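Engineer: The structure is given below, and queries will be raised subsequently.
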Amino acid sequence: MSIAIAPLNDNFAGEVRGIDLCEPLSRSDIEAIEAGMDRYAVLIFHDQRLNDDQQVAFSRNFGEIELAIGGNVTKPEDRRLAVELADVSNLSETNNVLAPDDRRSLFNIGNQLWHSDSSYRVVPAKYSLLSARQIPKTGGNTEFADMRAAYDALDDETKAEIEDLICVHSLLYSRGILGFTDFTEEEQRAFTPVRQRLVRCHPVTGRKSLFLSSHAGTIEGWLMPEARSLLRDLTEHATQAAFLHVHQWEQYDFVMWDNRQTVHRVRRFRSTDEVRDMRRTTIQGDGPTVSGDAPP
């Protein structure tokens with residue numbers, strides 16, 4: 001059976017059928033998925049009962065995996081998963097639900113803000129691949145916004161104004177929005193701010209998109225209030241209903257998205273007494289968005 005992709009929202013988000021991600025992929029399968037990502041930016045695969053090794057193996061078809069180090073406040077000895085997988089669950093290393101006042105719980109509330117994965121790194125993420133191992137009874141949906149369509153809908157004056165702007169992204173800023181400022185000196189060094197273009201061009205399609213994220217706290221050369229006001233206006237514009245796809249998770253759903261073309265956020269759920277076990281692999285981007293910047 002060959003792969004088929006059914007569009008869910010015109011050219012944004014598609015549902016993939018005719019493939020078992022637990023099995024090795026052919027070159028034609030990989031090319032079909034990549035073409036689907038270029039077109040739809042979000043792909044949904046239902047009933048994919050992968051284990052961690054299978055998820056990692058599938059992900060490696062699309063590039064080098066970004067190790068889940070330096071983007072959270074989980075200590076190495078408290079990790080639940082291998083470093084190839086980002087643990088975006090509400091579980092401890094002993095598979096118990098985290099207490100509400102656990103630093104990891106408080107830090108992870110930041111995932112409820114609109115963001116692009118790893119925009120706080122010099123080389124931001126290309127794809128994210130998320131496996132739903134166990135889901136809560138209610139809540140916990142993931143919303144995606146199409147940054148291509150949002151850019152296209154801007155007026156020409158705004159497009160010209162933002163074309164060459166450089167934003168500064170940091171986890172210190174996004175978590176500070178929510179009042180989480182309890183960072184160790186080591187974490188502050190790890191979360192050093194980085195520079196990212198506000199307008200990106202997709203390397204395959206050539207289509208422009210907004211590069212927004214809750215991690216973006218200011219714009220180089222702008223006064224802080226003006227910068228944050230513009231970023232808020234752009235985010236409000238880009239996340240209006242016309243540009244959204246809302247994914248209501250079912251157990252064993254597997255969702256891929258292109259961070260170069262989207263932003264996303266998780267919605268609230270009963271995180272203190274219901275398990276949400278989600279495991280993400282992340283594919284590294286090809287390089288910095290700002291010419292001349294280099295990873296440490």
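Here's how to read the names in the structure tokens: chain A, B, ... by the order shown, residue numbers from 1 in each chain, ligand numbers from 1 in the order shown.
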Name all residues at most 9 Å from Phe183 in chain A (count only C-alpha atoms; drop same-chain ones fewer than 3 positions away) and give them as a list of chain:residue names.

Structural biologist: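 With the cut-off at 9 Å, the set is A:Val73, A:Leu172, A:Phe180, A:Glu186, A:Glu187, A:Gln188.
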
Engineer: Taking the backbone alone, and naming residues the way the document does, which bits of range 101-169 of chain A are helix (DSSP H, G or I) by DSSP, as a PyMOL selection string?

Structural biologist: chain A and resi 103-112+147-152+156-162

Engineer: Measuring atom to atom with only C-alpha atoms, identify which of A:Thr205, A:Asp155, A:Thr218, A:Leu50 is nearest to Tyr173 in chain A.

Structural biologist: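 Nearest to Tyr173 in chain A: A:Thr218.
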
Engineer: How many Å separate CA of Thr262 in chain A from CA of Glu143 in chain A?

Structural biologist: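 CA of Thr262 in chain A sits 10.1 Å away from CA of Glu143 in chain A.
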
Engineer: Pick out the closest residue to Asp152 in chain A from this set: A:Arg121, A:His237, A:His215, A:Arg228. Count only C-alpha atoms.

Structural biologist: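 The answer is A:His237, which sits nearest to Asp152 in chain A.
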
Engineer: Find the residues around range 199-201 of chain A up to 12 Å (only C-alpha atoms counted), leave out those fewer than 4 positions away in its own chain, and share them as a VMD selection string.

Structural biologist: chain A and resid 124 147 to 148 150 to 152 154 158 to 167 205 to 212 234 259 to 262 288 to 290

Engineer: Using only C-alpha atoms, which of A:Leu244, A:Leu21, A:Met37, A:Val204 sits nearest Arg49 in chain A?

Structural biologist: A:Leu21

Engineer: Tell me, as a list in words, which residues lie within 10 Å of Asp20 in chain A, counting only C-alpha atoms; anything in the same chain fewer than 3 positions away does not count.

Structural biologist: Ile3, Arg17, Glu23, Pro24, Leu25, Phe45, His46, Asp47, Gln48, Arg49 and Leu50 of chain A

Engineer: CA of Leu81 in chain A and CA of Leu43 in chain A are how many Å apart?

Structural biologist: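 Computing it gives 24.2 Å between the two atoms.
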
Engineer: Which is closest to Ser105 in chain A among A:Arg133, A:Arg175, A:His245, A:Gln284, if we use only C-alpha atoms?

Structural biologist: A:Arg175

Engineer: Could you tell me how far CA of Phe269 in chain A sits from CA of Gly217 in chain A, in Å to one decimal place?

Structural biologist: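 The value is 26.7 Å.
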
Engineer: Using only C-alpha atoms, which residues sit within 12 Å of Asp53 in chain A once same-chain residues fewer than 4 positions away are excluded, as a VMD selection string?

Structural biologist: chain A and resid 21 to 23 49 57 to 60 81 to 85 279 281

Engineer: Please write the residues from the selection above to a file, keeping N, CA and C atoms, as a PDB file, in the first residue's frame.

Structural biologist:
```pdb
ATOM      1  N   LEU A  21       5.152   3.116  10.663  1.00  0.00           N
ATOM      2  CA  LEU A  21       6.425   3.753  11.016  1.00  0.00           C
ATOM      3  C   LEU A  21       7.330   2.840  11.840  1.00  0.00           C
ATOM      4  N   CYS A  22       6.809   1.717  12.308  1.00  0.00           N
ATOM      5  CA  CYS A  22       7.645   0.770  13.053  1.00  0.00           C
ATOM      6  C   CYS A  22       8.573  -0.017  12.125  1.00  0.00           C
ATOM      7  N   GLU A  23       8.251  -0.023  10.838  1.00  0.00           N
ATOM      8  CA  GLU A  23       9.028  -0.774   9.864  1.00  0.00           C
ATOM      9  C   GLU A  23      10.021   0.140   9.139  1.00  0.00           C
ATOM     10  N   ARG A  49       2.450   2.477  16.928  1.00  0.00           N
ATOM     11  CA  ARG A  49       2.829   1.990  18.254  1.00  0.00           C
ATOM     12  C   ARG A  49       4.335   1.784  18.346  1.00  0.00           C
ATOM     13  N   ALA A  57      14.946   5.538  15.163  1.00  0.00           N
ATOM     14  CA  ALA A  57      15.323   5.036  13.841  1.00  0.00           C
ATOM     15  C   ALA A  57      14.530   5.734  12.744  1.00  0.00           C
ATOM     16  N   PHE A  58      13.232   5.915  12.933  1.00  0.00           N
ATOM     17  CA  PHE A  58      12.414   6.614  11.942  1.00  0.00           C
ATOM     18  C   PHE A  58      12.892   8.055  11.775  1.00  0.00           C
ATOM     19  N   SER A  59      13.162   8.715  12.886  1.00  0.00           N
ATOM     20  CA  SER A  59      13.550  10.131  12.845  1.00  0.00           C
ATOM     21  C   SER A  59      14.844  10.344  12.084  1.00  0.00           C
ATOM     22  N   ARG A  60      15.767   9.419  12.196  1.00  0.00           N
ATOM     23  CA  ARG A  60      17.077   9.571  11.556  1.00  0.00           C
ATOM     24  C   ARG A  60      16.992   9.569  10.025  1.00  0.00           C
ATOM     25  N   LEU A  81      14.362   9.343  29.879  1.00  0.00           N
ATOM     26  CA  LEU A  81      14.529   8.812  28.535  1.00  0.00           C
ATOM     27  C   LEU A  81      15.966   9.006  28.064  1.00  0.00           C
ATOM     28  N   ALA A  82      16.320   8.312  26.997  1.00  0.00           N
ATOM     29  CA  ALA A  82      17.635   8.492  26.382  1.00  0.00           C
ATOM     30  C   ALA A  82      17.755   9.911  25.844  1.00  0.00           C
ATOM     31  N   VAL A  83      18.990  10.383  25.661  1.00  0.00           N
ATOM     32  CA  VAL A  83      19.211  11.779  25.276  1.00  0.00           C
ATOM     33  C   VAL A  83      18.720  12.097  23.868  1.00  0.00           C
ATOM     34  N   GLU A  84      18.410  11.085  23.068  1.00  0.00           N
ATOM     35  CA  GLU A  84      17.864  11.337  21.735  1.00  0.00           C
ATOM     36  C   GLU A  84      16.398  11.758  21.784  1.00  0.00           C
ATOM     37  N   LEU A  85      15.764  11.571  22.934  1.00  0.00           N
ATOM     38  CA  LEU A  85      14.344  11.884  23.067  1.00  0.00           C
ATOM     39  C   LEU A  85      14.128  12.990  24.091  1.00  0.00           C
ATOM     40  N   ARG A 279       6.723  11.808  23.807  1.00  0.00           N
ATOM     41  CA  ARG A 279       8.165  11.679  23.596  1.00  0.00           C
ATOM     42  C   ARG A 279       8.509  12.253  22.228  1.00  0.00           C
ATOM     43  N   THR A 281      11.310  13.453  19.279  1.00  0.00           N
ATOM     44  CA  THR A 281      12.619  13.534  18.652  1.00  0.00           C
ATOM     45  C   THR A 281      12.638  14.809  17.827  1.00  0.00           C
TER      46      THR A 281
END
```
